[in-house]
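What follows is one structure encoded as structure tokens, with my remarks underneath.
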Amino acid sequence: MLFHEIVFGPIKSRRLGISLGINLLPTSGKICTFDCIYCECGYNADGRTKQGFPPRETVAQALKAKLQELKSSGITPDVITFSGNGEPTLHPEFESIIDDTIEFRNKYFPQAKISVLSNSTMIDKESVFRALNKIDNNILKLDSVFDDSAKLIDQPLQSSFSVTKLIENLKRFKGNLIIQTIFLKGVHNGQYIDNTNEEEVNAWINVLKEINPKQVMIYTIDRATPEKNLQKISLEELNIIAKKLKKAGFDVSVSG
Ligand code: SF4
């Protein structure tokens with residue numbers, strides 16, 4: 001499923017409420033530094049496009065027009081969310097676009113939060129780090145704290161990817177972040193996947209204690225996935241993980 005507009009919705013988001021979406025990636029394909037086996041946009045290879053990133057001015061115009069339209073129809077978004085066809089922080093003008101969005105949000109819907117759903121791979125870039133520190137909901141992915149599992153689930157394109165490095169970068173936010181983790185089971189290329197087992201969950205919670213996020217969002221598969229051999233986790237199982245998190249002192253959001 002691809003988003004064919006730069007500004008889309010508002011849609012009812014499982015995790016965020018009435019959400020106006022912004023897609024900073026091409027509207028005809030997908031660009032991401034991960035190639036997650038559960039990606040709702042499909043695999044990167046199936047989303048190849050020659051189209052580039054939309055220019056900052058085009059994004060600003062589209063967002064302004066949509067906010068004006070919502071204002072005149074009496075619809076109030078809870079949140080403006082950067083997600084879309086890939087990794088939003090890959091956009092070369094990401095920080096300037098965040099600045100524009102803050103300006104428009106303050107003018108049209110000052111109560112709306114600004115969220116970015118990111119896979120965390122670009123947070124070592126200073127302009128991305130700065131931009132994410134300016135928004136309300138800096139939502140960063142951490143699907144496993146084990147290299148083998150993270151590589152199997154998220155399929156990072158960079159061969160130098162390491163969860164240890166990623167965790168160090170997440171700690172740099174000093175708690176100004178929300179961690180998002182998908183839980184799933186299944187098989188990919190003959191390898192069994194289960195990031196819900198005790199070893200995975202306990203190690204993940206220990207790392208979360210070091211990262212100290214203001215919230216932890218846990219969820220499972222919601223739509224069709226490119227890897228067909230994946231199983232959704234039951235709400236019961238997610239709630240067991242949530243209970244452990246709460247016991248460790250975390251604010252938790254569960255989407256089953
Ligand atoms: S990080 Fe997000 S957009 Fe990128 S492949 Fe994974 S699920 Fe898809």
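Starting from 1 in every chain, residues are counted up; chains themselves are A, B, ... following the order of the structure tokens, and ligands are numbered from 1 as listed.
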
Counting only C-alpha atoms and all ligand atoms, what residues are within 8 Å of ligand 1, given as a PDB file with C-alpha atoms, in the first residue's frame?
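Resulting contents of selection.pdb:
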ATOM      1  CA  LYS A  30       9.171   3.735  -1.680  1.00  0.00           C
ATOM      2  CA  ILE A  31      12.565   4.795  -0.292  1.00  0.00           C
ATOM      3  CA  CYS A  32      13.799   3.393   2.993  1.00  0.00           C
ATOM      4  CA  THR A  33      17.026   2.490   4.781  1.00  0.00           C
ATOM      5  CA  PHE A  34      15.269  -0.618   6.117  1.00  0.00           C
ATOM      6  CA  ASP A  35      13.364  -3.214   4.120  1.00  0.00           C
ATOM      7  CA  CYS A  36      11.199  -4.614   6.905  1.00  0.00           C
ATOM      8  CA  ILE A  37       9.574  -7.959   6.267  1.00  0.00           C
ATOM      9  CA  TYR A  38       6.350  -6.512   7.706  1.00  0.00           C
ATOM     10  CA  CYS A  39       6.366  -3.163   5.815  1.00  0.00           C
ATOM     11  CA  GLU A  40       2.868  -2.109   4.783  1.00  0.00           C
ATOM     12  CA  CYS A  41       4.378  -0.353   1.746  1.00  0.00           C
ATOM     13  CA  GLY A  42       5.833  -3.648   0.503  1.00  0.00           C
ATOM     14  CA  TYR A  43       9.490  -4.461  -0.172  1.00  0.00           C
ATOM     15  CA  ASN A  44      11.792  -1.706  -1.474  1.00  0.00           C
ATOM     16  CA  SER A  83       5.221   8.699   7.863  1.00  0.00           C
ATOM     17  CA  GLY A  84       4.441   7.651   4.271  1.00  0.00           C
ATOM     18  CA  ASN A  85       6.299   5.611   1.694  1.00  0.00           C
ATOM     19  CA  GLY A  86       9.535   5.005   3.573  1.00  0.00           C
ATOM     20  CA  GLU A  87      11.792   6.827   5.999  1.00  0.00           C
ATOM     21  CA  SER A 118      11.061   7.026  12.038  1.00  0.00           C
ATOM     22  CA  ASN A 119      13.155   3.886  11.836  1.00  0.00           C
ATOM     23  CA  LYS A 141      11.794   2.202  16.031  1.00  0.00           C
ATOM     24  CA  ASP A 154      14.108  -4.921   9.627  1.00  0.00           C
ATOM     25  CA  GLN A 155      16.543  -5.917   6.842  1.00  0.00           C
TER      26      GLN A 155
END

So which residues touch A:Val79 within 7 Å, counting only C-alpha atoms, skipping near sequence neighbours fewer than 6 positions away, as a ChimeraX atom specification?
/A:16,18-20,112-115

Apply DSSP to the structure's backbone, then extract all residues of stretch 53-159 of chain A labelled alpha helix (DSSP H) and return them as a PDB file with N, CA and C atoms, in the first residue's frame.
ATOM      1  N   ARG A  56      10.868  21.192  -0.581  1.00  0.00           N
ATOM      2  CA  ARG A  56      10.317  21.814   0.639  1.00  0.00           C
ATOM      3  C   ARG A  56       9.110  22.713   0.322  1.00  0.00           C
ATOM      4  N   GLU A  57       9.234  23.554  -0.713  1.00  0.00           N
ATOM      5  CA  GLU A  57       8.156  24.505  -1.048  1.00  0.00           C
ATOM      6  C   GLU A  57       6.876  23.763  -1.412  1.00  0.00           C
ATOM      7  N   THR A  58       7.011  22.655  -2.132  1.00  0.00           N
ATOM      8  CA  THR A  58       5.825  21.878  -2.545  1.00  0.00           C
ATOM      9  C   THR A  58       5.141  21.290  -1.317  1.00  0.00           C
ATOM     10  N   VAL A  59       5.943  20.802  -0.383  1.00  0.00           N
ATOM     11  CA  VAL A  59       5.385  20.233   0.852  1.00  0.00           C
ATOM     12  C   VAL A  59       4.658  21.339   1.623  1.00  0.00           C
ATOM     13  N   ALA A  60       5.308  22.503   1.734  1.00  0.00           N
ATOM     14  CA  ALA A  60       4.718  23.621   2.491  1.00  0.00           C
ATOM     15  C   ALA A  60       3.382  24.048   1.877  1.00  0.00           C
ATOM     16  N   GLN A  61       3.357  24.156   0.555  1.00  0.00           N
ATOM     17  CA  GLN A  61       2.109  24.567  -0.111  1.00  0.00           C
ATOM     18  C   GLN A  61       1.000  23.548   0.129  1.00  0.00           C
ATOM     19  N   ALA A  62       1.335  22.274  -0.029  1.00  0.00           N
ATOM     20  CA  ALA A  62       0.326  21.219   0.143  1.00  0.00           C
ATOM     21  C   ALA A  62      -0.196  21.191   1.572  1.00  0.00           C
ATOM     22  N   LEU A  63       0.701  21.367   2.529  1.00  0.00           N
ATOM     23  CA  LEU A  63       0.291  21.324   3.939  1.00  0.00           C
ATOM     24  C   LEU A  63      -0.583  22.525   4.284  1.00  0.00           C
ATOM     25  N   LYS A  64      -0.154  23.699   3.830  1.00  0.00           N
ATOM     26  CA  LYS A  64      -0.913  24.919   4.124  1.00  0.00           C
ATOM     27  C   LYS A  64      -2.327  24.809   3.539  1.00  0.00           C
ATOM     28  N   ALA A  65      -2.416  24.363   2.305  1.00  0.00           N
ATOM     29  CA  ALA A  65      -3.730  24.240   1.637  1.00  0.00           C
ATOM     30  C   ALA A  65      -4.624  23.266   2.405  1.00  0.00           C
ATOM     31  N   LYS A  66      -4.053  22.152   2.857  1.00  0.00           N
ATOM     32  CA  LYS A  66      -4.851  21.144   3.575  1.00  0.00           C
ATOM     33  C   LYS A  66      -5.303  21.670   4.933  1.00  0.00           C
ATOM     34  N   LEU A  67      -4.434  22.378   5.629  1.00  0.00           N
ATOM     35  CA  LEU A  67      -4.798  22.917   6.942  1.00  0.00           C
ATOM     36  C   LEU A  67      -5.902  23.964   6.807  1.00  0.00           C
ATOM     37  N   GLN A  68      -5.820  24.768   5.752  1.00  0.00           N
ATOM     38  CA  GLN A  68      -6.869  25.768   5.512  1.00  0.00           C
ATOM     39  C   GLN A  68      -8.203  25.080   5.212  1.00  0.00           C
ATOM     40  N   GLU A  69      -8.126  24.009   4.416  1.00  0.00           N
ATOM     41  CA  GLU A  69      -9.338  23.246   4.064  1.00  0.00           C
ATOM     42  C   GLU A  69      -9.971  22.624   5.329  1.00  0.00           C
ATOM     43  N   LEU A  70      -9.147  22.045   6.187  1.00  0.00           N
ATOM     44  CA  LEU A  70      -9.658  21.439   7.428  1.00  0.00           C
ATOM     45  C   LEU A  70     -10.292  22.496   8.317  1.00  0.00           C
ATOM     46  N   LYS A  71      -9.647  23.645   8.382  1.00  0.00           N
ATOM     47  CA  LYS A  71     -10.142  24.744   9.220  1.00  0.00           C
ATOM     48  C   LYS A  71     -11.534  25.146   8.750  1.00  0.00           C
ATOM     49  N   SER A  72     -11.692  25.311   7.431  1.00  0.00           N
ATOM     50  CA  SER A  72     -13.004  25.760   6.950  1.00  0.00           C
ATOM     51  C   SER A  72     -14.055  24.657   7.033  1.00  0.00           C
ATOM     52  N   PHE A  94      14.734  17.875   5.614  1.00  0.00           N
ATOM     53  CA  PHE A  94      13.849  17.452   6.707  1.00  0.00           C
ATOM     54  C   PHE A  94      13.718  18.516   7.801  1.00  0.00           C
ATOM     55  N   GLU A  95      14.838  19.068   8.246  1.00  0.00           N
ATOM     56  CA  GLU A  95      14.765  20.027   9.368  1.00  0.00           C
ATOM     57  C   GLU A  95      13.968  21.281   8.972  1.00  0.00           C
ATOM     58  N   SER A  96      14.188  21.787   7.755  1.00  0.00           N
ATOM     59  CA  SER A  96      13.449  22.982   7.320  1.00  0.00           C
ATOM     60  C   SER A  96      11.963  22.676   7.199  1.00  0.00           C
ATOM     61  N   ILE A  97      11.647  21.473   6.755  1.00  0.00           N
ATOM     62  CA  ILE A  97      10.236  21.079   6.628  1.00  0.00           C
ATOM     63  C   ILE A  97       9.585  20.984   8.017  1.00  0.00           C
ATOM     64  N   ILE A  98      10.331  20.501   8.979  1.00  0.00           N
ATOM     65  CA  ILE A  98       9.815  20.465  10.360  1.00  0.00           C
ATOM     66  C   ILE A  98       9.571  21.901  10.839  1.00  0.00           C
ATOM     67  N   ASP A  99      10.499  22.810  10.548  1.00  0.00           N
ATOM     68  CA  ASP A  99      10.317  24.214  10.963  1.00  0.00           C
ATOM     69  C   ASP A  99       9.053  24.799  10.327  1.00  0.00           C
ATOM     70  N   ASP A 100       8.844  24.534   9.032  1.00  0.00           N
ATOM     71  CA  ASP A 100       7.625  25.033   8.352  1.00  0.00           C
ATOM     72  C   ASP A 100       6.380  24.454   9.013  1.00  0.00           C
ATOM     73  N   THR A 101       6.432  23.166   9.323  1.00  0.00           N
ATOM     74  CA  THR A 101       5.268  22.483   9.898  1.00  0.00           C
ATOM     75  C   THR A 101       4.918  23.057  11.269  1.00  0.00           C
ATOM     76  N   ILE A 102       5.948  23.340  12.054  1.00  0.00           N
ATOM     77  CA  ILE A 102       5.710  23.934  13.387  1.00  0.00           C
ATOM     78  C   ILE A 102       5.031  25.298  13.214  1.00  0.00           C
ATOM     79  N   GLU A 103       5.509  26.065  12.238  1.00  0.00           N
ATOM     80  CA  GLU A 103       4.932  27.394  11.998  1.00  0.00           C
ATOM     81  C   GLU A 103       3.454  27.283  11.601  1.00  0.00           C
ATOM     82  N   PHE A 104       3.150  26.380  10.668  1.00  0.00           N
ATOM     83  CA  PHE A 104       1.752  26.215  10.219  1.00  0.00           C
ATOM     84  C   PHE A 104       0.881  25.649  11.340  1.00  0.00           C
ATOM     85  N   ARG A 105       1.404  24.695  12.063  1.00  0.00           N
ATOM     86  CA  ARG A 105       0.642  24.100  13.180  1.00  0.00           C
ATOM     87  C   ARG A 105       0.265  25.203  14.177  1.00  0.00           C
ATOM     88  N   ASN A 106       1.268  26.036  14.530  1.00  0.00           N
ATOM     89  CA  ASN A 106       1.007  27.100  15.503  1.00  0.00           C
ATOM     90  C   ASN A 106      -0.055  28.075  15.005  1.00  0.00           C
ATOM     91  N   LYS A 107      -0.089  28.278  13.693  1.00  0.00           N
ATOM     92  CA  LYS A 107      -1.043  29.235  13.122  1.00  0.00           C
ATOM     93  C   LYS A 107      -2.448  28.637  13.023  1.00  0.00           C
ATOM     94  N   TYR A 108      -2.563  27.397  12.558  1.00  0.00           N
ATOM     95  CA  TYR A 108      -3.903  26.849  12.250  1.00  0.00           C
ATOM     96  C   TYR A 108      -4.474  25.960  13.354  1.00  0.00           C
ATOM     97  N   GLU A 126      23.188  15.271  12.397  1.00  0.00           N
ATOM     98  CA  GLU A 126      22.876  16.337  13.354  1.00  0.00           C
ATOM     99  C   GLU A 126      21.583  17.087  13.035  1.00  0.00           C
ATOM    100  N   SER A 127      21.335  17.375  11.738  1.00  0.00           N
ATOM    101  CA  SER A 127      20.116  18.137  11.408  1.00  0.00           C
ATOM    102  C   SER A 127      18.860  17.321  11.709  1.00  0.00           C
ATOM    103  N   VAL A 128      18.942  16.011  11.557  1.00  0.00           N
ATOM    104  CA  VAL A 128      17.800  15.132  11.880  1.00  0.00           C
ATOM    105  C   VAL A 128      17.615  15.098  13.390  1.00  0.00           C
ATOM    106  N   PHE A 129      18.702  14.978  14.114  1.00  0.00           N
ATOM    107  CA  PHE A 129      18.656  14.957  15.582  1.00  0.00           C
ATOM    108  C   PHE A 129      18.028  16.254  16.104  1.00  0.00           C
ATOM    109  N   ARG A 130      18.457  17.376  15.543  1.00  0.00           N
ATOM    110  CA  ARG A 130      17.909  18.678  15.974  1.00  0.00           C
ATOM    111  C   ARG A 130      16.421  18.744  15.676  1.00  0.00           C
ATOM    112  N   ALA A 131      16.045  18.350  14.453  1.00  0.00           N
ATOM    113  CA  ALA A 131      14.636  18.443  14.035  1.00  0.00           C
ATOM    114  C   ALA A 131      13.747  17.588  14.937  1.00  0.00           C
ATOM    115  N   LEU A 132      14.197  16.385  15.235  1.00  0.00           N
ATOM    116  CA  LEU A 132      13.377  15.474  16.053  1.00  0.00           C
ATOM    117  C   LEU A 132      13.238  15.979  17.485  1.00  0.00           C
ATOM    118  N   ASN A 133      14.206  16.765  17.909  1.00  0.00           N
ATOM    119  CA  ASN A 133      14.113  17.345  19.251  1.00  0.00           C
ATOM    120  C   ASN A 133      13.126  18.515  19.317  1.00  0.00           C
ATOM    121  N   LYS A 134      12.681  19.011  18.148  1.00  0.00           N
ATOM    122  CA  LYS A 134      11.770  20.164  18.136  1.00  0.00           C
ATOM    123  C   LYS A 134      10.298  19.750  18.175  1.00  0.00           C
ATOM    124  N   ASP A 147      21.263  -8.019  17.334  1.00  0.00           N
ATOM    125  CA  ASP A 147      21.594  -7.764  15.925  1.00  0.00           C
ATOM    126  C   ASP A 147      20.921  -8.756  14.976  1.00  0.00           C
ATOM    127  N   ASP A 148      21.024 -10.039  15.315  1.00  0.00           N
ATOM    128  CA  ASP A 148      20.484 -11.056  14.398  1.00  0.00           C
ATOM    129  C   ASP A 148      18.992 -10.870  14.181  1.00  0.00           C
ATOM    130  N   SER A 149      18.246 -10.642  15.260  1.00  0.00           N
ATOM    131  CA  SER A 149      16.791 -10.482  15.133  1.00  0.00           C
ATOM    132  C   SER A 149      16.457  -9.190  14.400  1.00  0.00           C
ATOM    133  N   ALA A 150      17.146  -8.091  14.784  1.00  0.00           N
ATOM    134  CA  ALA A 150      16.856  -6.795  14.147  1.00  0.00           C
ATOM    135  C   ALA A 150      17.134  -6.888  12.644  1.00  0.00           C
ATOM    136  N   LYS A 151      18.233  -7.556  12.275  1.00  0.00           N
ATOM    137  CA  LYS A 151      18.583  -7.675  10.850  1.00  0.00           C
ATOM    138  C   LYS A 151      17.570  -8.541  10.115  1.00  0.00           C
ATOM    139  N   LEU A 152      17.074  -9.542  10.792  1.00  0.00           N
ATOM    140  CA  LEU A 152      16.093 -10.433  10.164  1.00  0.00           C
ATOM    141  C   LEU A 152      14.736  -9.731   9.982  1.00  0.00           C
ATOM    142  N   ILE A 153      14.332  -8.984  10.977  1.00  0.00           N
ATOM    143  CA  ILE A 153      13.006  -8.335  10.931  1.00  0.00           C
ATOM    144  C   ILE A 153      13.038  -7.071  10.070  1.00  0.00           C
ATOM    145  N   ASP A 154      14.090  -6.251  10.262  1.00  0.00           N
ATOM    146  CA  ASP A 154      14.108  -4.921   9.627  1.00  0.00           C
ATOM    147  C   ASP A 154      14.920  -4.864   8.333  1.00  0.00           C
TER     148      ASP A 154
END

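Residues in contact with stretch 229-232 of chain A at up to 10 Å, not including ones fewer than 2 positions away on its chain and judged by only C-alpha atoms, are Ile37, Tyr38, Ile182, Phe183, Leu184, Lys185, Gly186, Val187, His188, Asn189, Gly190, Tyr192, Ile193, Asp194, Tyr219, Thr220, Ile221, Asp222, Arg223, Ala224, Thr225, Pro226, Glu227, Ser234, Leu235 and Gly256 of chain A.
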
Could you save those same residues with C-alpha atoms as a PDB file, in the first residue's frame?
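Printed below is part-v4.pdb as written:
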ATOM      1  CA  ILE A  37       9.574  -7.959   6.267  1.00  0.00           C
ATOM      2  CA  TYR A  38       6.350  -6.512   7.706  1.00  0.00           C
ATOM      3  CA  ILE A 182       6.358  -4.232  16.539  1.00  0.00           C
ATOM      4  CA  PHE A 183       5.906  -7.746  17.912  1.00  0.00           C
ATOM      5  CA  LEU A 184       5.555 -10.651  15.544  1.00  0.00           C
ATOM      6  CA  LYS A 185       6.342 -14.289  14.921  1.00  0.00           C
ATOM      7  CA  GLY A 186       6.955 -16.163  11.717  1.00  0.00           C
ATOM      8  CA  VAL A 187       9.486 -17.418   9.249  1.00  0.00           C
ATOM      9  CA  HIS A 188      11.586 -15.499   6.733  1.00  0.00           C
ATOM     10  CA  ASN A 189      13.973 -17.193   4.284  1.00  0.00           C
ATOM     11  CA  GLY A 190      13.807 -20.329   6.395  1.00  0.00           C
ATOM     12  CA  TYR A 192      12.327 -18.520  12.568  1.00  0.00           C
ATOM     13  CA  ILE A 193      11.413 -15.135  14.068  1.00  0.00           C
ATOM     14  CA  ASP A 194       9.891 -14.437  17.467  1.00  0.00           C
ATOM     15  CA  TYR A 219       1.835  -3.088  18.392  1.00  0.00           C
ATOM     16  CA  THR A 220       1.594  -5.907  15.928  1.00  0.00           C
ATOM     17  CA  ILE A 221       0.840  -6.486  12.272  1.00  0.00           C
ATOM     18  CA  ASP A 222      -2.267  -4.674  11.100  1.00  0.00           C
ATOM     19  CA  ARG A 223      -2.317  -5.017   7.293  1.00  0.00           C
ATOM     20  CA  ALA A 224      -0.911  -7.281   4.575  1.00  0.00           C
ATOM     21  CA  THR A 225       2.854  -7.828   4.852  1.00  0.00           C
ATOM     22  CA  PRO A 226       5.357  -8.585   2.050  1.00  0.00           C
ATOM     23  CA  GLU A 227       6.561 -11.687   3.963  1.00  0.00           C
ATOM     24  CA  SER A 234      -2.733 -11.556  20.121  1.00  0.00           C
ATOM     25  CA  LEU A 235      -3.838  -8.615  22.228  1.00  0.00           C
ATOM     26  CA  GLY A 256      -3.498  -4.880  18.941  1.00  0.00           C
TER      27      GLY A 256
END

Among the residues of stretch 24-247 of chain A, find those DSSP assigns to strand (DSSP E) from the backbone and print them as a ChimeraX atom specification.
/A:79-83,113-118,137-141,178-182,184-188,191-194,215-219,230-232

What lies within 12 Å of A:Lys214 using only C-alpha atoms, ignoring chain neighbours under 2 positions off, as an MDAnalysis selection string?
chainID A and resid 136:140 173:180 208:209 211:212 216:217 249:253

I'd like to know which of A:Ile75, A:Met122, A:Ile6, A:Leu142 is closest to A:Thr164, using only C-alpha atoms.
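Closest to A:Thr164 of all the choices is A:Leu142.
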